[in-house]
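structure32.cif, holding mmCIF, C-alpha atoms, pLDDT in the B column; chains and numbers go by the auth columns:
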data_final
#
loop_
_atom_site.group_PDB
_atom_site.id
_atom_site.type_symbol
_atom_site.label_atom_id
_atom_site.label_comp_id
_atom_site.label_asym_id
_atom_site.label_seq_id
_atom_site.Cartn_x
_atom_site.Cartn_y
_atom_site.Cartn_z
_atom_site.B_iso_or_equiv
_atom_site.auth_seq_id
_atom_site.auth_asym_id
ATOM 1 C CA ALA A 1 27.532 104.168 -69.908 55.00 1495 A
ATOM 2 C CA GLN A 2 30.820 103.226 -68.377 59.00 1496 A
ATOM 3 C CA SER A 3 30.615 99.938 -66.537 84.00 1497 A
ATOM 4 C CA VAL A 4 32.275 96.820 -65.234 91.00 1498 A
ATOM 5 C CA SER A 5 30.788 93.509 -66.360 91.00 1499 A
ATOM 6 C CA GLN A 6 31.181 90.080 -64.876 93.00 1500 A
ATOM 7 C CA HIS A 7 29.535 87.563 -67.127 86.00 1501 A
ATOM 8 C CA ASN A 8 29.394 84.621 -64.782 85.00 1502 A
ATOM 9 C CA HIS A 9 26.893 85.191 -62.021 89.00 1503 A
ATOM 10 C CA HIS A 10 27.120 81.813 -60.372 94.00 1504 A
ATOM 11 C CA VAL A 11 29.743 79.173 -60.992 96.00 1505 A
ATOM 12 C CA ILE A 12 29.747 75.695 -59.506 97.00 1506 A
ATOM 13 C CA LEU A 13 32.898 73.590 -59.739 97.00 1507 A
ATOM 14 C CA SER A 14 34.256 70.422 -58.256 97.00 1508 A
ATOM 15 C CA GLU A 15 37.490 70.545 -56.315 97.00 1509 A
ATOM 16 C CA ALA A 16 40.607 70.501 -58.493 97.00 1510 A
ATOM 17 C CA ALA A 17 38.742 71.942 -61.467 97.00 1511 A
ATOM 18 C CA SER A 18 40.181 74.981 -63.198 97.00 1512 A
ATOM 19 C CA LEU A 19 38.541 78.355 -62.812 97.00 1513 A
ATOM 20 C CA GLU A 20 38.228 81.342 -65.075 97.00 1514 A
ATOM 21 C CA LEU A 21 36.002 84.295 -64.229 97.00 1515 A
ATOM 22 C CA GLY A 22 35.442 86.973 -66.813 96.00 1516 A
ATOM 23 C CA CYS A 23 35.661 90.715 -66.239 96.00 1517 A
ATOM 24 C CA ASN A 24 35.262 93.416 -68.853 95.00 1518 A
ATOM 25 C CA TYR A 25 35.181 97.151 -68.415 93.00 1519 A
ATOM 26 C CA SER A 26 34.251 100.005 -70.653 90.00 1520 A
ATOM 27 C CA TYR A 27 36.275 102.899 -69.278 81.00 1521 A
ATOM 28 C CA GLY A 28 38.639 104.647 -71.627 78.00 1522 A
ATOM 29 C CA GLY A 29 42.082 105.744 -70.643 79.00 1523 A
ATOM 30 C CA THR A 30 44.430 104.275 -68.093 82.00 1524 A
ATOM 31 C CA VAL A 31 42.875 102.146 -65.401 86.00 1525 A
ATOM 32 C CA ASN A 32 43.919 100.172 -62.373 89.00 1526 A
ATOM 33 C CA LEU A 33 42.272 96.772 -62.055 93.00 1527 A
ATOM 34 C CA PHE A 34 41.498 94.676 -59.018 93.00 1528 A
ATOM 35 C CA TRP A 35 39.922 91.420 -57.993 95.00 1529 A
ATOM 36 C CA TYR A 36 38.427 91.204 -54.532 94.00 1530 A
ATOM 37 C CA VAL A 37 37.053 88.179 -52.725 94.00 1531 A
ATOM 38 C CA GLN A 38 34.344 88.135 -50.083 90.00 1532 A
ATOM 39 C CA TYR A 39 34.154 84.926 -48.080 91.00 1533 A
ATOM 40 C CA PRO A 40 30.833 84.172 -46.376 85.00 1534 A
ATOM 41 C CA GLY A 41 30.317 86.568 -43.496 80.00 1535 A
ATOM 42 C CA GLN A 42 33.598 88.359 -44.075 83.00 1536 A
ATOM 43 C CA HIS A 43 34.625 91.653 -45.606 81.00 1537 A
ATOM 44 C CA LEU A 44 36.221 92.283 -48.947 86.00 1538 A
ATOM 45 C CA GLN A 45 39.801 91.183 -49.320 88.00 1539 A
ATOM 46 C CA LEU A 46 42.176 92.006 -52.130 89.00 1540 A
ATOM 47 C CA LEU A 47 43.157 89.015 -54.274 94.00 1541 A
ATOM 48 C CA LEU A 48 45.331 90.806 -56.778 94.00 1542 A
ATOM 49 C CA LYS A 49 45.787 94.064 -58.617 91.00 1543 A
ATOM 50 C CA TYR A 50 47.158 95.394 -61.867 92.00 1544 A
ATOM 51 C CA PHE A 51 48.639 98.860 -62.239 88.00 1545 A
ATOM 52 C CA SER A 52 51.200 98.561 -65.011 87.00 1546 A
ATOM 53 C CA GLY A 53 53.899 96.321 -66.415 90.00 1547 A
ATOM 54 C CA ASP A 54 53.485 92.580 -66.895 94.00 1548 A
ATOM 55 C CA PRO A 55 49.827 92.024 -67.831 94.00 1549 A
ATOM 56 C CA LEU A 56 49.829 88.667 -66.064 96.00 1550 A
ATOM 57 C CA VAL A 57 49.584 89.304 -62.357 96.00 1551 A
ATOM 58 C CA LYS A 58 49.744 86.784 -59.584 95.00 1552 A
ATOM 59 C CA GLY A 59 47.829 87.167 -56.364 94.00 1553 A
ATOM 60 C CA ILE A 60 47.272 85.330 -53.149 92.00 1554 A
ATOM 61 C CA LYS A 61 46.061 81.753 -52.806 94.00 1555 A
ATOM 62 C CA GLY A 62 47.187 80.719 -56.271 96.00 1556 A
ATOM 63 C CA PHE A 63 45.020 83.173 -58.185 97.00 1557 A
ATOM 64 C CA GLU A 64 46.218 85.052 -61.238 97.00 1558 A
ATOM 65 C CA ALA A 65 44.679 87.446 -63.715 97.00 1559 A
ATOM 66 C CA GLU A 66 45.563 88.629 -67.174 96.00 1560 A
ATOM 67 C CA PHE A 67 44.998 92.150 -68.415 95.00 1561 A
ATOM 68 C CA ILE A 68 44.238 92.256 -72.129 95.00 1562 A
ATOM 69 C CA LYS A 69 44.036 95.909 -73.029 91.00 1563 A
ATOM 70 C CA SER A 70 42.661 95.359 -76.526 92.00 1564 A
ATOM 71 C CA LYS A 71 39.752 93.404 -75.084 94.00 1565 A
ATOM 72 C CA PHE A 72 39.242 95.623 -72.027 93.00 1566 A
ATOM 73 C CA SER A 73 39.360 92.443 -70.000 95.00 1567 A
ATOM 74 C CA PHE A 74 40.901 91.300 -66.729 96.00 1568 A
ATOM 75 C CA ASN A 75 39.947 87.667 -66.259 97.00 1569 A
ATOM 76 C CA LEU A 76 40.680 85.806 -63.057 97.00 1570 A
ATOM 77 C CA ARG A 77 42.091 82.292 -63.142 97.00 1571 A
ATOM 78 C CA LYS A 78 43.087 79.497 -60.831 97.00 1572 A
ATOM 79 C CA PRO A 79 44.371 76.144 -62.105 97.00 1573 A
ATOM 80 C CA SER A 80 42.883 74.027 -59.331 97.00 1574 A
ATOM 81 C CA VAL A 81 40.175 75.279 -56.995 97.00 1575 A
ATOM 82 C CA GLN A 82 39.617 74.169 -53.435 97.00 1576 A
ATOM 83 C CA TRP A 83 36.489 73.976 -51.330 96.00 1577 A
ATOM 84 C CA SER A 84 37.806 76.967 -49.352 96.00 1578 A
ATOM 85 C CA ASP A 85 37.615 79.115 -52.497 97.00 1579 A
ATOM 86 C CA THR A 86 33.832 79.194 -52.165 97.00 1580 A
ATOM 87 C CA ALA A 87 33.075 82.927 -52.044 95.00 1581 A
ATOM 88 C CA GLU A 88 31.901 85.975 -53.964 93.00 1582 A
ATOM 89 C CA TYR A 89 34.418 87.431 -56.386 96.00 1583 A
ATOM 90 C CA PHE A 90 34.306 91.046 -57.489 94.00 1584 A
ATOM 91 C CA CYS A 91 36.201 92.738 -60.260 95.00 1585 A
ATOM 92 C CA ALA A 92 36.850 96.448 -59.725 93.00 1586 A
ATOM 93 C CA VAL A 93 38.171 99.254 -61.861 91.00 1587 A
ATOM 94 C CA ASN A 94 39.735 102.483 -60.744 86.00 1588 A
ATOM 95 C CA LYS A 95 40.482 105.213 -63.205 77.00 1589 A
ATOM 96 C CA PHE A 96 44.113 106.228 -62.943 66.00 1590 A
ATOM 97 C CA THR A 97 43.172 109.858 -62.517 64.00 1591 A
ATOM 98 C CA GLY A 98 40.500 109.307 -59.917 66.00 1592 A
ATOM 99 C CA ASN A 99 39.817 107.818 -56.531 70.00 1593 A
ATOM 100 C CA GLN A 100 36.565 106.017 -57.129 75.00 1594 A
ATOM 101 C CA PHE A 101 36.261 102.296 -57.544 82.00 1595 A
ATOM 102 C CA TYR A 102 33.585 100.760 -59.708 87.00 1596 A
ATOM 103 C CA PHE A 103 32.660 97.166 -59.091 90.00 1597 A
ATOM 104 C CA GLY A 104 31.248 94.457 -61.271 92.00 1598 A
ATOM 105 C CA THR A 105 28.122 92.617 -60.194 89.00 1599 A
ATOM 106 C CA GLY A 106 30.115 89.811 -58.670 92.00 1600 A
ATOM 107 C CA THR A 107 30.409 86.087 -59.287 94.00 1601 A
ATOM 108 C CA SER A 108 29.348 83.570 -56.709 94.00 1602 A
ATOM 109 C CA LEU A 109 31.681 80.563 -56.760 96.00 1603 A
ATOM 110 C CA THR A 110 30.666 77.313 -55.121 97.00 1604 A
ATOM 111 C CA VAL A 111 33.263 74.550 -54.956 97.00 1605 A
ATOM 112 C CA ILE A 112 31.922 71.101 -54.262 96.00 1606 A
ATOM 113 C CA PRO A 113 34.244 68.833 -52.265 92.00 1607 A
ATOM 114 C CA GLY B 1 48.702 97.724 -41.585 64.00 1191 B
ATOM 115 C CA ALA B 2 45.928 99.603 -43.428 80.00 1192 B
ATOM 116 C CA VAL B 3 43.042 98.416 -41.292 88.00 1193 B
ATOM 117 C CA VAL B 4 39.601 99.957 -41.595 92.00 1194 B
ATOM 118 C CA SER B 5 36.931 99.395 -38.987 94.00 1195 B
ATOM 119 C CA GLN B 6 33.207 100.099 -38.935 95.00 1196 B
ATOM 120 C CA HIS B 7 30.798 100.521 -36.079 96.00 1197 B
ATOM 121 C CA PRO B 8 28.288 99.153 -35.489 96.00 1198 B
ATOM 122 C CA SER B 9 28.485 95.872 -37.361 94.00 1199 B
ATOM 123 C CA ARG B 10 24.727 95.453 -37.175 95.00 1200 B
ATOM 124 C CA VAL B 11 21.936 97.869 -36.380 96.00 1201 B
ATOM 125 C CA ILE B 12 18.179 97.497 -36.302 96.00 1202 B
ATOM 126 C CA CYS B 13 16.054 100.608 -36.129 95.00 1203 B
ATOM 127 C CA LYS B 14 12.482 101.714 -36.483 96.00 1204 B
ATOM 128 C CA SER B 15 11.218 103.440 -39.578 96.00 1205 B
ATOM 129 C CA GLY B 16 11.606 107.194 -39.337 96.00 1206 B
ATOM 130 C CA THR B 17 14.634 107.200 -37.070 97.00 1207 B
ATOM 131 C CA SER B 18 18.192 108.150 -38.005 97.00 1208 B
ATOM 132 C CA VAL B 19 21.191 105.861 -37.823 97.00 1209 B
ATOM 133 C CA LYS B 20 24.860 106.807 -37.741 97.00 1210 B
ATOM 134 C CA ILE B 21 27.573 104.484 -39.019 97.00 1211 B
ATOM 135 C CA GLU B 22 31.232 105.155 -38.281 97.00 1212 B
ATOM 136 C CA CYS B 23 34.196 104.295 -40.440 96.00 1213 B
ATOM 137 C CA ARG B 24 37.688 104.538 -38.981 95.00 1214 B
ATOM 138 C CA SER B 25 41.150 104.073 -40.396 93.00 1215 B
ATOM 139 C CA LEU B 26 43.011 102.485 -37.516 93.00 1216 B
ATOM 140 C CA ASP B 27 46.660 102.748 -38.474 88.00 1217 B
ATOM 141 C CA PHE B 28 46.792 105.404 -41.137 89.00 1218 B
ATOM 142 C CA GLN B 29 45.335 108.776 -41.946 89.00 1219 B
ATOM 143 C CA ALA B 30 42.796 108.825 -44.716 88.00 1220 B
ATOM 144 C CA THR B 31 42.043 112.102 -46.426 84.00 1221 B
ATOM 145 C CA THR B 32 39.548 110.282 -48.610 88.00 1222 B
ATOM 146 C CA MET B 33 37.079 107.608 -47.652 92.00 1223 B
ATOM 147 C CA PHE B 34 34.332 105.996 -49.676 93.00 1224 B
ATOM 148 C CA TRP B 35 30.895 104.720 -48.828 95.00 1225 B
ATOM 149 C CA TYR B 36 29.316 101.813 -50.673 94.00 1226 B
ATOM 150 C CA ARG B 37 26.009 100.045 -50.477 94.00 1227 B
ATOM 151 C CA GLN B 38 25.696 96.356 -51.193 89.00 1228 B
ATOM 152 C CA PHE B 39 22.349 94.767 -51.927 81.00 1229 B
ATOM 153 C CA PRO B 40 21.813 91.034 -51.401 74.00 1230 B
ATOM 154 C CA LYS B 41 23.463 89.003 -54.137 68.00 1231 B
ATOM 155 C CA LYS B 42 24.496 92.248 -55.830 73.00 1232 B
ATOM 156 C CA SER B 43 27.634 94.233 -56.274 78.00 1233 B
ATOM 157 C CA LEU B 44 28.862 97.215 -54.340 86.00 1234 B
ATOM 158 C CA MET B 45 27.429 100.521 -55.422 89.00 1235 B
ATOM 159 C CA LEU B 46 29.542 103.580 -54.743 89.00 1236 B
ATOM 160 C CA MET B 47 27.400 106.097 -52.893 93.00 1237 B
ATOM 161 C CA ALA B 48 29.780 108.925 -52.147 93.00 1238 B
ATOM 162 C CA THR B 49 33.333 110.037 -51.662 91.00 1239 B
ATOM 163 C CA SER B 50 34.050 111.504 -48.261 89.00 1240 B
ATOM 164 C CA ASN B 51 36.706 114.218 -48.186 87.00 1241 B
ATOM 165 C CA GLU B 52 38.304 115.299 -44.931 86.00 1242 B
ATOM 166 C CA GLY B 53 37.445 118.887 -44.148 84.00 1243 B
ATOM 167 C CA SER B 54 35.133 119.418 -47.095 86.00 1244 B
ATOM 168 C CA LYS B 55 31.801 118.326 -48.480 89.00 1245 B
ATOM 169 C CA ALA B 56 31.268 114.814 -49.701 92.00 1246 B
ATOM 170 C CA THR B 57 30.865 114.086 -53.379 91.00 1247 B
ATOM 171 C CA TYR B 58 27.781 112.029 -54.096 94.00 1248 B
ATOM 172 C CA GLU B 59 27.217 109.689 -57.008 90.00 1249 B
ATOM 173 C CA GLN B 60 24.319 110.304 -59.304 89.00 1250 B
ATOM 174 C CA GLY B 61 21.031 109.171 -57.841 91.00 1251 B
ATOM 175 C CA VAL B 62 22.176 109.213 -54.209 94.00 1252 B
ATOM 176 C CA GLU B 63 20.184 111.615 -52.040 94.00 1253 B
ATOM 177 C CA LYS B 64 22.485 113.976 -50.181 93.00 1254 B
ATOM 178 C CA ASP B 65 19.882 114.859 -47.570 94.00 1255 B
ATOM 179 C CA LYS B 66 19.109 111.212 -46.967 96.00 1256 B
ATOM 180 C CA PHE B 67 22.671 110.010 -46.556 96.00 1257 B
ATOM 181 C CA LEU B 68 24.640 112.588 -44.611 96.00 1258 B
ATOM 182 C CA ILE B 69 28.389 112.177 -44.676 94.00 1259 B
ATOM 183 C CA ASN B 70 30.809 113.874 -42.348 91.00 1260 B
ATOM 184 C CA HIS B 71 34.586 113.482 -42.470 90.00 1261 B
ATOM 185 C CA ALA B 72 35.668 115.580 -39.532 82.00 1262 B
ATOM 186 C CA SER B 73 39.069 114.019 -38.948 90.00 1263 B
ATOM 187 C CA LEU B 74 41.731 112.144 -40.865 90.00 1264 B
ATOM 188 C CA THR B 75 40.692 108.852 -39.316 93.00 1265 B
ATOM 189 C CA LEU B 76 36.917 109.082 -39.111 94.00 1266 B
ATOM 190 C CA SER B 77 34.063 109.375 -41.546 95.00 1267 B
ATOM 191 C CA THR B 78 30.424 108.962 -40.583 96.00 1268 B
ATOM 192 C CA LEU B 79 27.382 108.090 -42.640 97.00 1269 B
ATOM 193 C CA THR B 80 24.022 109.050 -41.187 97.00 1270 B
ATOM 194 C CA VAL B 81 20.934 107.527 -42.736 97.00 1271 B
ATOM 195 C CA THR B 82 18.225 110.059 -41.923 96.00 1272 B
ATOM 196 C CA SER B 83 14.566 109.151 -41.518 96.00 1273 B
ATOM 197 C CA ALA B 84 15.332 105.570 -42.396 96.00 1274 B
ATOM 198 C CA HIS B 85 12.770 103.447 -44.208 96.00 1275 B
ATOM 199 C CA PRO B 86 12.675 99.709 -44.889 95.00 1276 B
ATOM 200 C CA GLU B 87 14.047 100.243 -48.397 94.00 1277 B
ATOM 201 C CA ASP B 88 17.216 101.653 -46.798 95.00 1278 B
ATOM 202 C CA SER B 89 17.917 98.247 -45.311 95.00 1279 B
ATOM 203 C CA SER B 90 21.202 97.131 -46.775 94.00 1280 B
ATOM 204 C CA PHE B 91 24.842 96.386 -46.150 93.00 1281 B
ATOM 205 C CA TYR B 92 26.908 99.569 -45.985 96.00 1282 B
ATOM 206 C CA ILE B 93 30.646 99.323 -46.536 95.00 1283 B
ATOM 207 C CA CYS B 94 33.300 101.983 -46.260 95.00 1284 B
ATOM 208 C CA SER B 95 36.796 102.030 -47.658 93.00 1285 B
ATOM 209 C CA ALA B 96 39.804 104.269 -47.402 90.00 1286 B
ATOM 210 C CA ARG B 97 42.965 105.029 -49.274 84.00 1287 B
ATOM 211 C CA ASP B 98 46.259 105.147 -47.469 80.00 1288 B
ATOM 212 C CA PRO B 99 48.125 108.100 -49.014 76.00 1289 B
ATOM 213 C CA GLY B 100 51.310 106.871 -47.413 76.00 1290 B
ATOM 214 C CA ARG B 101 51.370 103.814 -49.647 72.00 1291 B
ATOM 215 C CA PRO B 102 52.706 103.992 -53.194 66.00 1292 B
ATOM 216 C CA SER B 103 50.019 101.585 -54.296 62.00 1293 B
ATOM 217 C CA TYR B 104 48.169 103.445 -56.958 57.00 1294 B
ATOM 218 C CA ASN B 105 44.817 104.131 -55.393 67.00 1295 B
ATOM 219 C CA GLU B 106 44.456 100.797 -53.633 76.00 1296 B
ATOM 220 C CA GLN B 107 41.565 100.908 -51.180 83.00 1297 B
ATOM 221 C CA PHE B 108 41.127 99.075 -47.916 87.00 1298 B
ATOM 222 C CA PHE B 109 37.646 98.006 -46.958 90.00 1299 B
ATOM 223 C CA GLY B 110 35.867 97.915 -43.672 92.00 1300 B
ATOM 224 C CA PRO B 111 33.877 94.870 -42.552 91.00 1301 B
ATOM 225 C CA GLY B 112 30.540 96.517 -43.324 93.00 1302 B
ATOM 226 C CA THR B 113 27.436 97.442 -41.347 95.00 1303 B
ATOM 227 C CA ARG B 114 24.175 95.565 -41.762 94.00 1304 B
ATOM 228 C CA LEU B 115 21.267 97.999 -41.410 96.00 1305 B
ATOM 229 C CA THR B 116 17.764 96.653 -40.949 96.00 1306 B
ATOM 230 C CA VAL B 117 14.900 99.133 -40.814 96.00 1307 B
ATOM 231 C CA LEU B 118 11.657 97.778 -39.424 95.00 1308 B
#
Please, can you express the file's structure as structure tokens?
Amino acid sequence: AQSVSQHNHHVILSEAASLELGCNYSYGGTVNLFWYVQYPGQHLQLLLKYFSGDPLVKGIKGFEAEFIKSKFSFNLRKPSVQWSDTAEYFCAVNKFTGNQFYFGTGTSLTVIP
Amino acid sequence: GAVVSQHPSRVICKSGTSVKIECRSLDFQATTMFWYRQFPKKSLMLMATSNEGSKATYEQGVEKDKFLINHASLTLSTLTVTSAHPEDSSFYICSARDPGRPSYNEQFFGPGTRLTVL
């Protein structure tokens, strides 16, 4: 079955540590890729997106992600996390020919001050 | 720009009653809106695609008669949970595409509605 996988369910880091969250998808064909963040009690917000071109995309708040087509991956990174990055992070895939988004199971990030 | 609102933000109802949730695109017209369900500590599950002026397209396993979707205007889609039961308690989120943006299917999400069925 086609799916979006996030391997890290819960990550706990100290401030200033580096972050990498994995995302893999199994859809064939051209896809658009997204990372969304959901802060406690808030709605989903777009962190970054990849449609085409440079596979390394930069988003808000110092986040970046790299699309590796051969690995069907779109991992999220941040060199130095802050306490305010504590949130749920969702990877999402949208098939280029369709409207629907399919989300991964999410990763809960806790940053300890 | 591209703001999506939902009403109500929270609703508590008795088992057996119906609940309507509204999703509005505030500053753009959305021919397509989407309804998701989010379980605690889980991801968003796409329930259905709401198409303005036509029937909604439901994902496999989602009961059409249970979750009624109406998209009567370009800025409003409604989700009605009919004969709600405690297992329908969840967080319901809508999203919309802004066709006026050249942003390759980017969706904008509403703040969600917390439904609790007693």
Margin query: Assuming the chain letters and numbering stay as they are in my file, what does the PyMOL selection byres ((chain B and resi 1191-1198) around 6) actually select? List them as a ChimeraX atom specification.
Written below: /B:1199-1200,1211-1217,1300
Sorted by chain and rising residue number, which residues of chain A lie within 12 Å of chain B, and what are their closest atom pairs and distances in Å to one decimal, counting all atoms listed in the file, as a tab-separated table?
residue	atom	partner	partner_atom	distance
A:Ser1497	CA	B:Met1235	CA	11.6
A:Val1498	CA	B:Ser1233	CA	10.4
A:Ser1499	CA	B:Ser1233	CA	10.6
A:Gln1500	CA	B:Ser1233	CA	10.2
A:His1503	CA	B:Lys1231	CA	9.4
A:His1504	CA	B:Lys1231	CA	10.2
A:Thr1524	CA	B:Tyr1294	CA	11.8
A:Val1525	CA	B:Tyr1294	CA	10.0
A:Asn1526	CA	B:Tyr1294	CA	7.6
A:Leu1527	CA	B:Glu1296	CA	9.6
A:Phe1528	CA	B:Glu1296	CA	8.7
A:Trp1529	CA	B:Glu1296	CA	11.3
A:Tyr1530	CA	B:Phe1299	CA	10.2
A:Val1531	CA	B:Phe1299	CA	11.4
A:Gln1532	CA	B:Pro1301	CA	10.1
A:Tyr1533	CA	B:Pro1301	CA	11.4
A:Pro1534	CA	B:Lys1231	CA	11.7
A:Gly1535	CA	B:Pro1301	CA	9.1
A:Gln1536	CA	B:Pro1301	CA	6.7
A:His1537	CA	B:Pro1301	CA	4.5
A:Leu1538	CA	B:Phe1299	CA	6.2
A:Gln1539	CA	B:Phe1299	CA	7.5
A:Leu1540	CA	B:Phe1298	CA	8.3
A:Leu1541	CA	B:Glu1296	CA	11.9
A:Leu1542	CA	B:Glu1296	CA	10.5
A:Lys1543	CA	B:Glu1296	CA	8.5
A:Tyr1544	CA	B:Tyr1294	CA	9.5
A:Phe1545	CA	B:Tyr1294	CA	7.0
A:Ser1546	CA	B:Tyr1294	CA	9.9
A:Ala1581	CA	B:Lys1231	CA	11.6
A:Glu1582	CA	B:Lys1231	CA	9.0
A:Tyr1583	CA	B:Ser1233	CA	9.6
A:Phe1584	CA	B:Ser1233	CA	7.5
A:Cys1585	CA	B:Ser1233	CA	9.6
A:Ala1586	CA	B:Leu1234	CA	9.7
A:Val1587	CA	B:Glu1296	CA	10.5
A:Asn1588	CA	B:Asn1295	CA	7.6
A:Lys1589	CA	B:Asn1295	CA	9.0
A:Phe1590	CA	B:Tyr1294	CA	7.7
A:Thr1591	CA	B:Asn1295	CA	9.3
A:Gly1592	CA	B:Asn1295	CA	8.1
A:Asn1593	CA	B:Asn1295	CA	6.3
A:Gln1594	CA	B:Thr1239	CA	7.5
A:Phe1595	CA	B:Leu1236	CA	7.4
A:Tyr1596	CA	B:Leu1236	CA	7.0
A:Phe1597	CA	B:Leu1234	CA	6.1
A:Gly1598	CA	B:Ser1233	CA	6.2
A:Thr1599	CA	B:Ser1233	CA	4.3
A:Gly1600	CA	B:Ser1233	CA	5.6
A:Thr1601	CA	B:Ser1233	CA	9.1
A:Ser1602	CA	B:Lys1231	CA	8.4
Next item on the list: Rounded to one decimal place, report the atom CA of B:Ala1246-atom CA of B:Thr1306 distance in Å.
Entry: 24.3 Å
Check: Within 12 Å of (45.6, 97.2, -71.2), in the coordinates the file gives, what residues turn up when you count all atoms listed in the file, written out as a PyMOL selection string?
Finding: chain A and resi 1518-1527+1544-1550+1560-1568
Notebook entry, point to check: Neighbours of A:His1501 within 8 Å (only C-alpha atoms; same-chain residues fewer than 6 positions away dropped), as a list in words?
Noted result: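 The contact residues come out as Leu1515, Gly1516 and Cys1517 of chain A.
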Next item on the list: Would you work out the distance separating atom CA of B:Val1252 from atom CA of B:Thr1221, expressed in Å to one decimal?
Entry: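 These two atoms are separated by 21.5 Å.
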What are the centre and the three edge lengths of an axis-aligned box that wraps all atoms of stretch 1196-1213 of chain B in the file, given that 5 Å is added to every side, written as lines of an AutoDock Vina configuration file and rounded to one decimal in Å?
center_x = 22.7
center_y = 101.8
center_z = -38.0
size_x = 33.0
size_y = 22.7
size_z = 15.0
Notebook entry, point to check: Between atom CA of B:Met1237 and atom CA of B:Ser1267, what is the distance, to one decimal in Å?
Noted result: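 One can read the atom CA of B:Met1237 to atom CA of B:Ser1267 distance as 13.6 Å.
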Check: the PyMOL selection byres ((chain B and resi 1262) around 9) on the file shown: which residues, as a list in words?
Finding: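 After applying the PyMOL selection byres ((chain B and resi 1262) around 9), what remains is Asn1241, Glu1242, Gly1243, Ser1244, Asn1260, His1261, Ser1263, Leu1264, Thr1265, Leu1266, Ser1267 and Thr1268 of chain B.
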Note to self: For the PyMOL selection byres ((chain A and resi 1603-1606) around 6), applied here, can you spell out every residue it catches as a ChimeraX atom specification?
What the structure shows: /A:1504-1509,1577,1580-1581,1602,1607
Where atoms are missing, can you supply N, CA and C atoms for stretch 1202-1216 of chain B and output the lot as a PDB file, in the coordinates of the input?
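Writing done, so here's result_8.pdb:
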ATOM      1  N   ILE B1202      19.604  97.618 -35.963  1.00 96.00           N
ATOM      2  CA  ILE B1202      18.179  97.497 -36.302  1.00 96.00           C
ATOM      3  C   ILE B1202      17.488  98.738 -35.761  1.00 96.00           C
ATOM      4  N   CYS B1203      16.721  99.391 -36.591  1.00 95.00           N
ATOM      5  CA  CYS B1203      16.054 100.608 -36.129  1.00 95.00           C
ATOM      6  C   CYS B1203      14.618 100.654 -36.644  1.00 95.00           C
ATOM      7  N   LYS B1204      13.867 101.539 -36.050  1.00 96.00           N
ATOM      8  CA  LYS B1204      12.482 101.714 -36.483  1.00 96.00           C
ATOM      9  C   LYS B1204      12.422 102.692 -37.642  1.00 96.00           C
ATOM     10  N   SER B1205      11.413 102.532 -38.457  1.00 96.00           N
ATOM     11  CA  SER B1205      11.218 103.440 -39.578  1.00 96.00           C
ATOM     12  C   SER B1205      11.045 104.866 -39.072  1.00 96.00           C
ATOM     13  N   GLY B1206      11.718 105.792 -39.716  1.00 96.00           N
ATOM     14  CA  GLY B1206      11.606 107.194 -39.337  1.00 96.00           C
ATOM     15  C   GLY B1206      12.733 107.690 -38.458  1.00 96.00           C
ATOM     16  N   THR B1207      13.510 106.789 -37.907  1.00 97.00           N
ATOM     17  CA  THR B1207      14.634 107.200 -37.070  1.00 97.00           C
ATOM     18  C   THR B1207      15.890 107.362 -37.914  1.00 97.00           C
ATOM     19  N   SER B1208      16.916 107.964 -37.316  1.00 97.00           N
ATOM     20  CA  SER B1208      18.192 108.150 -38.005  1.00 97.00           C
ATOM     21  C   SER B1208      19.248 107.229 -37.408  1.00 97.00           C
ATOM     22  N   VAL B1209      20.143 106.794 -38.243  1.00 97.00           N
ATOM     23  CA  VAL B1209      21.191 105.861 -37.823  1.00 97.00           C
ATOM     24  C   VAL B1209      22.538 106.377 -38.294  1.00 97.00           C
ATOM     25  N   LYS B1210      23.508 106.360 -37.384  1.00 97.00           N
ATOM     26  CA  LYS B1210      24.860 106.807 -37.741  1.00 97.00           C
ATOM     27  C   LYS B1210      25.794 105.611 -37.783  1.00 97.00           C
ATOM     28  N   ILE B1211      26.573 105.538 -38.844  1.00 97.00           N
ATOM     29  CA  ILE B1211      27.573 104.484 -39.019  1.00 97.00           C
ATOM     30  C   ILE B1211      28.944 105.140 -39.077  1.00 97.00           C
ATOM     31  N   GLU B1212      29.876 104.592 -38.318  1.00 97.00           N
ATOM     32  CA  GLU B1212      31.232 105.155 -38.281  1.00 97.00           C
ATOM     33  C   GLU B1212      32.200 104.291 -39.068  1.00 97.00           C
ATOM     34  N   CYS B1213      33.124 104.966 -39.712  1.00 96.00           N
ATOM     35  CA  CYS B1213      34.196 104.295 -40.440  1.00 96.00           C
ATOM     36  C   CYS B1213      35.510 104.898 -39.971  1.00 96.00           C
ATOM     37  N   ARG B1214      36.410 104.048 -39.503  1.00 95.00           N
ATOM     38  CA  ARG B1214      37.688 104.538 -38.981  1.00 95.00           C
ATOM     39  C   ARG B1214      38.869 103.853 -39.657  1.00 95.00           C
ATOM     40  N   SER B1215      39.875 104.638 -39.966  1.00 93.00           N
ATOM     41  CA  SER B1215      41.150 104.073 -40.396  1.00 93.00           C
ATOM     42  C   SER B1215      41.996 103.956 -39.133  1.00 93.00           C
ATOM     43  N   LEU B1216      42.413 102.735 -38.821  1.00 93.00           N
ATOM     44  CA  LEU B1216      43.011 102.485 -37.516  1.00 93.00           C
ATOM     45  C   LEU B1216      44.506 102.789 -37.458  1.00 93.00           C
TER      46      LEU B1216
END
